[in-house]
Structures are given as C-alpha cells and as structure tokens.
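J.: The following block contains the structure, expressed as structure tokens.
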Amino acid sequence: MPVLPNMITSALMLILPWPLFIVGLVVGIGADRHARLMRSLTMGAAWFALACAALAAGTYALGLTQSKTYFGIHLPGGLGLLAVSVDVNGLTLLMLVLVALVGMIVVRYSYTYLDGDAHEGRFHRWLALTLGAFLMLISAGNMWGFLIVWTVTSLCLHKLLAFYRDRPVAVLAARKKYLLHRISDASLFTAFVLIARTLHTSQFAHLASALAGTHGQLPASLQMASGLIVVSAVLKSAQFPFHGWLIQVMEAPTPVSALLHAGIIYTGAFLLLRTVPIISRVGWAGDALILAGLVSIAAAALMMMTATNIKGSLAYSTCAQMGFVVMECGMGLYSLALLHIVSHSVYKAHAFLSSGSVVDNFRGPALPPVPRAPTTWKALASLAIAAPAVIGTAAIFGIPLFQQAALIVMGLILTVAISQLLLQSLNAAKFGEMRLLGTVASLSVLIATAYFGLDALFTGLFDAVLPTAPASADVARDGLLGLVTLVFVGLLLVQQMLPRLLRHPFWQALYVHLYNDLYIDMLFTRLVRRFGPRDNADVVPSESEDQLWEVTS
C-alpha cells in the first residue's frame, strides 16, 4: 500500500488538537469580552477533535497505521531527538477516542453551566487549552514532546482549578497540585535523560527494540529511571499521602472536576503504559507500584466512609480507583489496567456531571427506605462462594491458577465487590438464606465470565503494545498478592461492621482521624502556605492556620 494513504491516521491524530489550541491562544485573547463566541468555538473545536479521533480509529482498523515523525531537532548531550511525532497504535487511539468523547461532553455541559458567569470566556479559553494539550500528550511519540505537553497540560489545568480566585480552599488545593506536579515533572525529566543516554533513543516506539539485546537485569541507569517514573506516576495519580489536593479541588466548577477525574488524572497511569518495556523489566518497580496502590486503596476506602458530601465521596473513589490501576500496572496486568481506565472514565464523568441531581431524590415528603446491608456472615459467604466461582471460570478460559495468580486475585476482588453492590440494589434483606446464596453464586459466575472475557478481548486487541502478565514465580510477589487479598477482606469486613464498630471508643477516635485525613494533609498545607507558589492570580486571603485548616477539613 502506498505510503501516503498509510499516513492518514497519523495526520488525523496530528491535526486533532490544533483547533482547540487556536481557539485558546488566538480567539482567547480578551476572552471575557466575547464569551458567547468563545464557548461556540470551543464546542466546535471539541466536536472536531471527536470526529478526527473517530476517523483515526476507523482508518486504523483499515490498516492505515503508519506512525510519522514530522519535525525533529537533535539535542546535545546524547539526549536524542526532540520531535513532533505521532505514535499510531491501539493504546493511543483508544485513549484519544475516550478523552475526545469525555472532553466534548464536558464542553457541552459547560456551555450552559457557565452561562452568564462574569468570566465565562476565560473559562472556555483554559478549557480548550487544557483539553488540546491532553489530546496532544496522548498521541505524542517522542519522549521530549510528551514531557512538554505533560507540563503544559498541568499548567493549564491549574488555571481551571483556581478559576474562582476568591475561594481560598480552591486556590490552596491548586497550589498543592502545582507543587506536586512540578516535582513529578522534574522526576520524569531525569528519567527521560537516563533513558535517552542509555538506550540512545527518545522515541517510545523504539524502547522495546532498544532493550531487545539486553538480558537479565537492566543497567543501573534504567533501574533508576524506572524508580523515577514510578515516583512521577504516583504523584500525578494523587496517591496517598499526596491525595489531599484531589479532595479539595471540589470547589472548582463541576466541569473541571469531571475533566480531571474522568481524564487528566490518568496521565500517570498512561505514562506507565507508555514505558512498559522498561517498567516490566524491573521487578522492584512493580512491587513499589503494588504497595503504593494498595496503601491508597485502603486509605481512600476508609476515608470515603467518613465523607459527608457527594463530590468528596467521588474524589476519594477516584483516589482508590487510581490505586487499583497503579496496582494492576505493578502486577503486570496492563490490559486490565487499560480496561479499568476506560470503564472508570465513563462512569466518573457521568457521576460528576450528574452529582447535582442527587438532591432530586430527597424532594419528596419522606425519605425512601434504605435497604439493609447484608450482614457480616453473608459477606463472608459471598466471599466463600465467589472464590471457587472465579477459579472455575478462570479454568474454563484456560487461565492457570498459579501462573496467573494476580489476574485471578483481581477477578475475585471485582466479583465480590460488584456482587455486594448488586445484592444491595436487590434488597438482599428480603432474600431467604438459600435464595441469597444461589443469587450470589449466579452473580459471581456472571461477573467472573464478563471479567475474564473482557480481559481476553483487551489482551488480544492490545498485545502488540502491552505485554501479557508474566507467570508468578517470585515469592515476594506472591506475598504481596496475599497481602492484597487480606487488605480487601479487611475492608469488606469493616464496611459491613462499621455501625457496630462505631460503638467502641477506639473506632470512634479512628473515625475522627480518618475524617481529618489522618492529619497528613494539614502538614502539607502548612508546607505549601510557607513555600508554595504565589502570584497575583492566586492569593489566599490572610487568615490563621487554624481557620484555614478548619475550612479544608
């Protein structure tokens, strides 16, 4: 097939974000003076991006898949090429379609949400720039180009998070994010320097081939680069104890929360997926990701139980779900992590954009009856039933228990969690014991079948860019899987026993500490107020630390 038709997909991916940039950079000058024009052009640019993403996916399916480097400059010091290049593969195209769809929905929601606001034009300007930079980040094939738009996306997002400059909590949260993301940028820059100087390439697509000749343990420089990538990804993903800003930016406009939680928060996980050839070869980096994700899951799940507002609960949920994605990457379940990103993005966009309608449920003369949650023994029975159902379903799909233990453990967690949610919606309190157990068994088989089926589908679709999980042969890794299982069972029991636990002084005190994020964010708040960035746009009114902490709590 001729070269020119093969470049159609890469050309579509290249031009996709530029109308958003043009709207933000050119039309956005004096945006508040022509707000209606700004929102209309932003809407048009978002629709253009979605159309290009869909066309690119279609041409990719037809085999028009050649990646392309359009412009490049050789950097000194063995840093490789700074290039404008596009990587055409299943990962980048799926993420482009996902983000373009979520972005269009957010822009459409903002069309009426900000109507009449004094700074409506400025909002649409920074929304266009943020969305354009994020779309460019996804398709970037060059590490240095990726780093530039990685930073630009964060800086533009900062303007949206601090959009209401008279809200001290929102501005302070934006500062926290700003400081953590600059540390993440420095960590990623150092990692890319080490990779480029060691492998003599700055293209993501060439990492696997550059490592093809290395056997056994990677050089110390690449191991250090892996550790720095882990640090950068954990900071970007708002993992515990660096999660406080994610909870407090809820004072930003709802469309910003939706774009953040349904899209931009995945930049850390996307970095891990782009650098899989290196990360997957460093065992301790995977172990660090598992531990970081597990700690975040446990902390966020417990803190979410103390949340008193819907958006706060959604923010803790995002922190926990990102912990799952990070943990899945550490386990080598890269296709599963991608599936998790897609499903969670769609859910979280809907959850945030519909969060305001929750009050509709309480407009009647009386509160609707709340189904009684299953008792502790029923939760344990569900676990006992789900385990053989998951193992049996895995055997049907040809997944060996001991070689793919990580995949089966994650399947067990998902099966029990979803079955518990479905049982609550079915009002399990009215079920007889035998009927309840039969329902749990049926749900477990159904959920496990969907889980392993979707995992097989994503593994087949993305095997060219995402490797399959290695066989479990490490005692330390098996120990981590056991720890993951124990933590999950512990969280399940705490959730079921919470009303009874809160009768005891110890758990009452712990509840208060969890409500205050274990006071870790208070220390970071003081640090940021003392050393964080300050400018004319982001000035927190002077007030005592105690007053500020009372607000942020």
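By convention here, the chains of the structure tokens are called A, B, ... in the order presented, each chain's residues are numbered starting at 1, and ligands are numbered starting at 1 in the order presented.
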Find the spatial neighbours of segment 500-502 of chain A, counting only C-alpha atoms, within a cut-off of 8 Å - ignore same-chain residues fewer than 6 positions away - and output them as an MDAnalysis selection string.

T.: chainID A and resid 494 508 511

J.: Which residues are close to Met13 of chain A, i.e. within 7 Å by only C-alpha atoms, leaving aside same-chain residues fewer than 3 positions away? Reply as a PyMOL selection string.

T.: chain A and resi 9-10+16+53+56+139

J.: Write a file of the just-selected residues containing all heavy atoms, as a PDB file, in the first residue's frame.

T.:
```pdb
ATOM      1  N   THR A   9      -4.004   8.064   9.264  1.00  0.00           N
ATOM      2  CA  THR A   9      -4.290   8.006  10.698  1.00  0.00           C
ATOM      3  C   THR A   9      -3.413   8.972  11.477  1.00  0.00           C
ATOM      4  O   THR A   9      -3.894   9.711  12.338  1.00  0.00           O
ATOM      5  CB  THR A   9      -4.092   6.572  11.228  1.00  0.00           C
ATOM      6  OG1 THR A   9      -4.858   5.678  10.444  1.00  0.00           O
ATOM      7  CG2 THR A   9      -4.524   6.465  12.671  1.00  0.00           C
ATOM      8  N   SER A  10      -2.112   8.966  11.189  1.00  0.00           N
ATOM      9  CA  SER A  10      -1.209   9.858  11.924  1.00  0.00           C
ATOM     10  C   SER A  10      -1.524  11.321  11.635  1.00  0.00           C
ATOM     11  O   SER A  10      -1.413  12.173  12.524  1.00  0.00           O
ATOM     12  CB  SER A  10       0.251   9.539  11.570  1.00  0.00           C
ATOM     13  OG  SER A  10       0.488   9.746  10.188  1.00  0.00           O
ATOM     14  N   LEU A  16      -5.773  16.853  15.139  1.00  0.00           N
ATOM     15  CA  LEU A  16      -6.911  16.748  16.047  1.00  0.00           C
ATOM     16  C   LEU A  16      -6.958  17.847  17.113  1.00  0.00           C
ATOM     17  O   LEU A  16      -8.007  18.462  17.322  1.00  0.00           O
ATOM     18  CB  LEU A  16      -6.892  15.348  16.656  1.00  0.00           C
ATOM     19  CG  LEU A  16      -7.941  14.905  17.654  1.00  0.00           C
ATOM     20  CD1 LEU A  16      -8.129  13.388  17.535  1.00  0.00           C
ATOM     21  CD2 LEU A  16      -7.513  15.213  19.072  1.00  0.00           C
ATOM     22  N   ALA A  53     -10.815  11.880  15.984  1.00  0.00           N
ATOM     23  CA  ALA A  53     -10.460  10.680  16.747  1.00  0.00           C
ATOM     24  C   ALA A  53     -11.228   9.469  16.219  1.00  0.00           C
ATOM     25  O   ALA A  53     -10.663   8.376  16.064  1.00  0.00           O
ATOM     26  CB  ALA A  53     -10.755  10.897  18.229  1.00  0.00           C
ATOM     27  N   ALA A  56      -9.789   8.544  12.842  1.00  0.00           N
ATOM     28  CA  ALA A  56      -8.478   7.920  13.022  1.00  0.00           C
ATOM     29  C   ALA A  56      -8.629   6.467  13.457  1.00  0.00           C
ATOM     30  O   ALA A  56      -7.904   5.581  12.974  1.00  0.00           O
ATOM     31  CB  ALA A  56      -7.658   8.702  14.045  1.00  0.00           C
ATOM     32  N   SER A 139      -1.135  11.294  21.949  1.00  0.00           N
ATOM     33  CA  SER A 139      -0.611  10.816  20.671  1.00  0.00           C
ATOM     34  C   SER A 139       0.887  11.036  20.504  1.00  0.00           C
ATOM     35  O   SER A 139       1.476  10.552  19.532  1.00  0.00           O
ATOM     36  CB  SER A 139      -1.351  11.496  19.516  1.00  0.00           C
ATOM     37  OG  SER A 139      -1.190  12.905  19.571  1.00  0.00           O
TER      38      SER A 139
END
```

J.: I'd like the contact shell of Asp455 of chain A - 8 Å cut-off, only C-alpha atoms, skipping same-chain residues fewer than 6 positions apart - returned as number ranges by chain.

T.: A: 335-336, 339

J.: Between A:Arg39, A:His206, A:His74, A:Lys348, which is the closest to Thr318 of chain A once you count only C-alpha atoms?

T.: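 Checking each of A:Arg39, A:His206, A:His74, A:Lys348 against Thr318 of chain A, counting only C-alpha atoms, the winner is A:Lys348.
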
J.: Per DSSP on the backbone, filter segment 107-189 of chain A down to the residues in alpha helix (DSSP H) and report them as a count of residues only.

T.: 68

J.: Env of segment 96-106 of chain A: 9 Å cut, atoms = only C-alpha atoms, seq-sep filter 5 positions within chain, self excluded. Answer as an MDAnalysis selection string.

T.: chainID A and resid 13 43 45:47 49:54 56:57 91 111 131 134:136 138:139 255:256 258:259 262:264 342 345:346 349 353

J.: Excluding segment 40-42 of chain A and residues on its chain fewer than 6 positions from it, collect all residues at most 8 Å away from it, counting only C-alpha atoms, and give them as a PyMOL selection string.

T.: chain A and resi 20+23+107+124-125+128

J.: Let's have the selection written as a PDB file, in the first residue's frame, with C-alpha atoms.

T.:
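Result file follows (out31.pdb):
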```pdb
ATOM      1  CA  LEU A  20      -8.593  23.797  20.443  1.00  0.00           C
ATOM      2  CA  VAL A  23      -9.325  28.928  19.987  1.00  0.00           C
ATOM      3  CA  VAL A 107     -17.529  21.228  26.931  1.00  0.00           C
ATOM      4  CA  HIS A 124     -13.669  28.275  27.933  1.00  0.00           C
ATOM      5  CA  ARG A 125     -10.233  29.523  26.912  1.00  0.00           C
ATOM      6  CA  ALA A 128      -9.831  24.488  25.282  1.00  0.00           C
TER       7      ALA A 128
END
```

J.: Identify, on the basis of only C-alpha atoms, every residue whose closest approach to Val416 of chain A does not exceed 8 Å; exclude the query and any residue fewer than 3 positions from it along the same chain; express the result as a PyMOL selection string.

T.: chain A and resi 382-383+386+412-413+419-420+444

J.: Under the rule that only C-alpha atoms are counted, which of A:Gly398, A:Gly30, A:Pro505, A:Gly216 is the nearest residue to Phe123 of chain A?

T.: A:Gly30

J.: Give the answer as one residue: which of A:Pro277, A:Ser237, A:Ile148, A:Leu93 has the shortest atom-to-atom distance to Ser209 of chain A, using only C-alpha atoms?

T.: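 Checking each of A:Pro277, A:Ser237, A:Ile148, A:Leu93 against Ser209 of chain A, counting only C-alpha atoms, the winner is A:Pro277.
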